[in-house]
Amino acid sequence: EIAGALFNVQPWNIVTAYDAASGKVLWRYDPQVPTRFGRLACCDIVSRGLAVWHGKIYVATLDGRLIALDARSGKPVWSVLTVDNRKNYTITGAPRVYGGKVLIGNGGAEMGVRGYVTAYDAETGKQAWRFYTVPGDPAKMPEGAASDSVMAKAAKTWTGEWWKAGGGGTVWDSLAYDPALHLVYIGVGNGSPWAQTFRSPGGGDNLFLASIVALNVDTGHYVWHYQTTPGEEWDYTATQQMILADLRIGGKVRKVIMQAPKNGFFYVLDRKTGELLSAKTTVPINWATGIDMKTGRPIENPAVRYGKVPVLVSPGAGGAHNFNPMAYSPLSGLVYLPVSETYMGYAAADSFDPAHPGLGTSFAGYDAERKKISEYADAHSRGWLSARNPVTQKEVWRTPDEQKGSGGGRASAGKRGGQGNIATTFAAYRADTGKKVWQMPVQQVPIAAPITYMLDGVQYIAVNAGWGGGLAHVERSNYSRLFIGKPRLLVFKLGGTAKLPPMPRESVEVPELSPPPKLTATDDVVARGEQLYGQNCALCHGVAARGGVKDLRHLSPQTHADFLAIVLGGKRAANGMASFADVLTQDQAEAVHQYLIARANQDWDH
């Protein structure tokens, strides 16, 4: 590639090459993603990384392109559109290069799409194969895809006309590869819509939702699968990182694959056969009491299969482990896992129209039940970094955090690990005991995982520090208490002397909140606004407008004045808040505004 270069990607898929020792910018590439795709990305305008191979940098864009860049110049070598832009696909995941092929999945399961993974020739961009993760319309099978041979088997686990709602199963993050076995492992996401009663009304396992699937890297053909959450309807994706390791289990060295998906279990599987070797919980949960080791299936709590009345489910949609990467050290034999104890109220909507895709859930009504669930969630939600022995399935140590939301972990050969902390610091811990040995305030929450590299005999640690993503969007919490600076790429070395500039005054001083405007709308308008808010806004801005990536009860007078310009005119599209003019009329947008005014007045005294 470029000797001594560090490559990074930021929101809107802008790629930058730096001199890895000095930070000097070598080149920058902006793929010019249309801002309208910011609205389709359920959980932020993020990019989870780049791939590097034979002098090329590979980036996948939010609007579904896969681009190969020349590593020296940053100029595009080839570009392919991997999705149908007439549908609600996005890409936030990182490409991976395995066996001369670059693989990429996609996102959009909250918006009514059908998931798949595609492999392209890494040199030319020519498509090699595509594997669909859920079955399509049976009348249109076979499709000439690598998944054809197994789609009939998968379709038997679905009912109704699931393909009209998309089905979901997007592979929005994790892929792994074993070159010796010639297998690529894909982690499959949640169903679309969430509520199974609309997606597959007769029930069923709904393969391959929430599954690890092993494919032949050359052909894309199915080899084995393990489903972590049959009949998934809580956004329990299995797209979290997968780690390959050789572990001595029962006196025998086993080649394993390990994963801690959203559902709260830590799984150890034989990566050649898919045999389940062990599975234990990482946090307190209530959706299942354990795993039946004879069948490999969860022992499910029937009370979590929700109807129209909200029910408390743990983990919530943010998961016990989200995108924040875990790490494994063969020296300590421990896995370092950022976990969250989360709770959420789930309820099914009154109806669902596949022509207007969404979650199939309701975020309005039953106020007393929702209030009780929210209060319980507030009192019990927390997070920590967990060091776990994957052989014994026991936690060895944990480092408590103030709240959930800390970043991914990194293990190093120096018997230390690093992690960005919710307390806006970057810290290092002893890998064996968890003792904190160093910490630095960095004015941000580094939710990405750090990397480490050597250059001229000097070891560096680099981490992206910025706040957002899945937990910030879908989990209620006290995130509004965070005082954060601008997002940055931070690079550390032993003996480094650089200083961060002071945070801007507006970042550290609590602004004087102005009382919300007086409510002038009728009860009917507010009720309509509540319904529209639940359908269009709650996923990012929180149930009942509490929490989320931006708490909308705290709008400034200027934002109130600009409300229609923002929601319909796209005034803040560059920040990810794209226009909803194709979804909401002016009267509907104003109804949402009046609902927010009502909520702000209700909670103003608090």
# chains A, B, ... in the order shown; residues from 1 in each chain; ligands from 1
>>> residues_around(residues="Ala320 of chain A", least_positions_apart="5", cutoff="9 Å", atoms="only C-alpha atoms", output="PyMOL selection string")
chain A and resi 260-265+282-285+314-315+338-342+383
>>> residues_around(residues="segment 137-139 of chain A", least_positions_apart="5", cutoff="10 Å", atoms="only C-alpha atoms", output="PyMOL selection string")
chain A and resi 151-152+155+161-164+166
>>> select_by_dssp(residues="segment 241-429 of chain A", states="alpha helix (DSSP H)", output="ChimeraX atom specification")
/A:367-380
>>> write_last_selection(atoms="all heavy atoms", output="compact mmCIF listing (two decimals), in the first residue's frame")
# COMPACT_ATOMS: atom_id res chain seq x y z
N ASP A 367 -50.25 4.28 28.02
CA ASP A 367 -49.28 5.15 28.68
C ASP A 367 -48.83 4.63 30.04
O ASP A 367 -47.65 4.74 30.40
CB ASP A 367 -49.85 6.56 28.83
CG ASP A 367 -50.03 7.25 27.49
OD1 ASP A 367 -49.40 6.80 26.51
OD2 ASP A 367 -50.78 8.24 27.42
N ALA A 368 -49.75 4.07 30.81
CA ALA A 368 -49.39 3.59 32.15
C ALA A 368 -48.40 2.44 32.06
O ALA A 368 -47.41 2.39 32.81
CB ALA A 368 -50.65 3.15 32.91
N GLU A 369 -48.64 1.52 31.12
CA GLU A 369 -47.73 0.37 30.95
C GLU A 369 -46.36 0.86 30.46
O GLU A 369 -45.32 0.38 30.93
CB GLU A 369 -48.32 -0.62 29.95
CG GLU A 369 -49.51 -1.41 30.46
CD GLU A 369 -50.84 -0.67 30.31
OE1 GLU A 369 -50.81 0.52 29.87
OE2 GLU A 369 -51.88 -1.25 30.59
N ARG A 370 -46.35 1.78 29.53
CA ARG A 370 -45.08 2.28 29.00
C ARG A 370 -44.30 3.03 30.07
O ARG A 370 -43.07 2.92 30.13
CB ARG A 370 -45.34 3.18 27.79
CG ARG A 370 -45.88 2.43 26.59
CD ARG A 370 -45.99 3.33 25.37
NE ARG A 370 -46.66 2.64 24.28
CZ ARG A 370 -46.08 1.75 23.46
NH1 ARG A 370 -44.80 1.47 23.62
NH2 ARG A 370 -46.77 1.16 22.50
N LYS A 371 -44.99 3.80 30.89
CA LYS A 371 -44.31 4.54 31.94
C LYS A 371 -43.66 3.58 32.94
O LYS A 371 -42.51 3.79 33.36
CB LYS A 371 -45.30 5.44 32.68
CG LYS A 371 -44.68 6.35 33.74
CD LYS A 371 -45.73 7.31 34.29
CE LYS A 371 -45.09 8.31 35.26
NZ LYS A 371 -44.59 7.67 36.48
N LYS A 372 -44.36 2.52 33.28
CA LYS A 372 -43.81 1.54 34.22
C LYS A 372 -42.57 0.86 33.63
O LYS A 372 -41.56 0.67 34.31
CB LYS A 372 -44.88 0.49 34.55
CG LYS A 372 -44.45 -0.52 35.60
CD LYS A 372 -45.61 -1.48 35.92
CE LYS A 372 -45.18 -2.50 36.99
NZ LYS A 372 -46.29 -3.44 37.29
N ILE A 373 -42.63 0.50 32.34
CA ILE A 373 -41.50 -0.13 31.67
C ILE A 373 -40.31 0.84 31.61
O ILE A 373 -39.16 0.46 31.89
CB ILE A 373 -41.89 -0.60 30.26
CG1 ILE A 373 -42.86 -1.79 30.36
CG2 ILE A 373 -40.66 -0.98 29.44
CD1 ILE A 373 -43.49 -2.17 29.03
N SER A 374 -40.59 2.11 31.28
CA SER A 374 -39.51 3.10 31.17
C SER A 374 -38.83 3.32 32.52
O SER A 374 -37.60 3.43 32.59
CB SER A 374 -40.07 4.42 30.65
OG SER A 374 -40.53 4.28 29.33
N GLU A 375 -39.61 3.38 33.57
CA GLU A 375 -39.02 3.60 34.89
C GLU A 375 -38.15 2.42 35.29
O GLU A 375 -37.07 2.59 35.87
CB GLU A 375 -40.13 3.82 35.92
CG GLU A 375 -40.83 5.17 35.76
CD GLU A 375 -42.02 5.33 36.68
OE1 GLU A 375 -42.46 4.30 37.28
OE2 GLU A 375 -42.53 6.47 36.82
N TYR A 376 -38.59 1.20 34.98
CA TYR A 376 -37.78 0.01 35.30
C TYR A 376 -36.49 0.03 34.47
O TYR A 376 -35.40 -0.26 34.99
CB TYR A 376 -38.58 -1.26 35.02
CG TYR A 376 -37.86 -2.51 35.49
CD1 TYR A 376 -38.09 -3.01 36.77
CD2 TYR A 376 -36.95 -3.18 34.67
CE1 TYR A 376 -37.43 -4.14 37.22
CE2 TYR A 376 -36.28 -4.31 35.12
CZ TYR A 376 -36.53 -4.79 36.40
OH TYR A 376 -35.87 -5.90 36.84
N ALA A 377 -36.62 0.38 33.19
CA ALA A 377 -35.44 0.41 32.32
C ALA A 377 -34.43 1.44 32.82
O ALA A 377 -33.22 1.19 32.87
CB ALA A 377 -35.85 0.72 30.88
N ASP A 378 -34.92 2.61 33.21
CA ASP A 378 -34.01 3.65 33.70
C ASP A 378 -33.26 3.19 34.94
O ASP A 378 -32.07 3.50 35.12
CB ASP A 378 -34.80 4.92 34.04
CG ASP A 378 -35.22 5.67 32.79
OD1 ASP A 378 -34.70 5.37 31.71
OD2 ASP A 378 -36.09 6.55 32.92
N ALA A 379 -33.95 2.46 35.80
CA ALA A 379 -33.35 2.06 37.08
C ALA A 379 -32.36 0.91 36.93
O ALA A 379 -31.48 0.73 37.78
CB ALA A 379 -34.44 1.67 38.07
N HIS A 380 -32.47 0.12 35.86
CA HIS A 380 -31.67 -1.10 35.77
C HIS A 380 -30.69 -1.14 34.60
O HIS A 380 -29.87 -2.06 34.52
CB HIS A 380 -32.60 -2.32 35.67
CG HIS A 380 -33.40 -2.58 36.91
ND1 HIS A 380 -34.59 -1.93 37.16
CD2 HIS A 380 -33.17 -3.39 37.96
CE1 HIS A 380 -35.07 -2.34 38.32
NE2 HIS A 380 -34.24 -3.22 38.83
>>> atom_distance(atom1="atom CA of Arg388 of chain A", atom2="atom CA of His182 of chain A")
28.4 Å
>>> residues_around(residues="segment 69-79 of chain A", least_positions_apart="6", cutoff="12 Å", atoms="only C-alpha atoms", output="number ranges by chain")
A: 1-8, 14-19, 25-31, 50-61, 120-127
>>> closest_residue(among="A:Leu66, A:Ala364, A:Ile91, A:Val213", to="Pro11 of chain A", atoms="only C-alpha atoms")
A:Ile91
>>> residues_around(residues="Ser278 of chain A", least_positions_apart="2", cutoff="6 Å", atoms="only C-alpha atoms", output="ChimeraX atom specification")
/A:267-268,276
>>> write_last_selection(atoms="N, CA and C atoms", output="tab-separated table (two decimals), in the first residue's frame")
chain	number	residue	atom	x	y	z
A	267	TYR	N	-21.84	-17.42	22.49
A	267	TYR	CA	-21.85	-18.73	21.83
A	267	TYR	C	-20.44	-19.16	21.43
A	268	VAL	N	-20.16	-20.43	21.63
A	268	VAL	CA	-18.95	-21.06	21.13
A	268	VAL	C	-19.38	-22.23	20.25
A	276	LEU	N	-22.89	-26.68	18.31
A	276	LEU	CA	-22.88	-25.80	19.47
A	276	LEU	C	-22.08	-26.46	20.59
>>> select_by_dssp(residues="segment 199-401 of chain A", states="strand (DSSP E)", output="ChimeraX atom specification")
/A:211-216,222-227,242-249,252-259,265-270,276-281,288-292,297-300,311-313,327-329,334-341,344-346,382-389,394-400
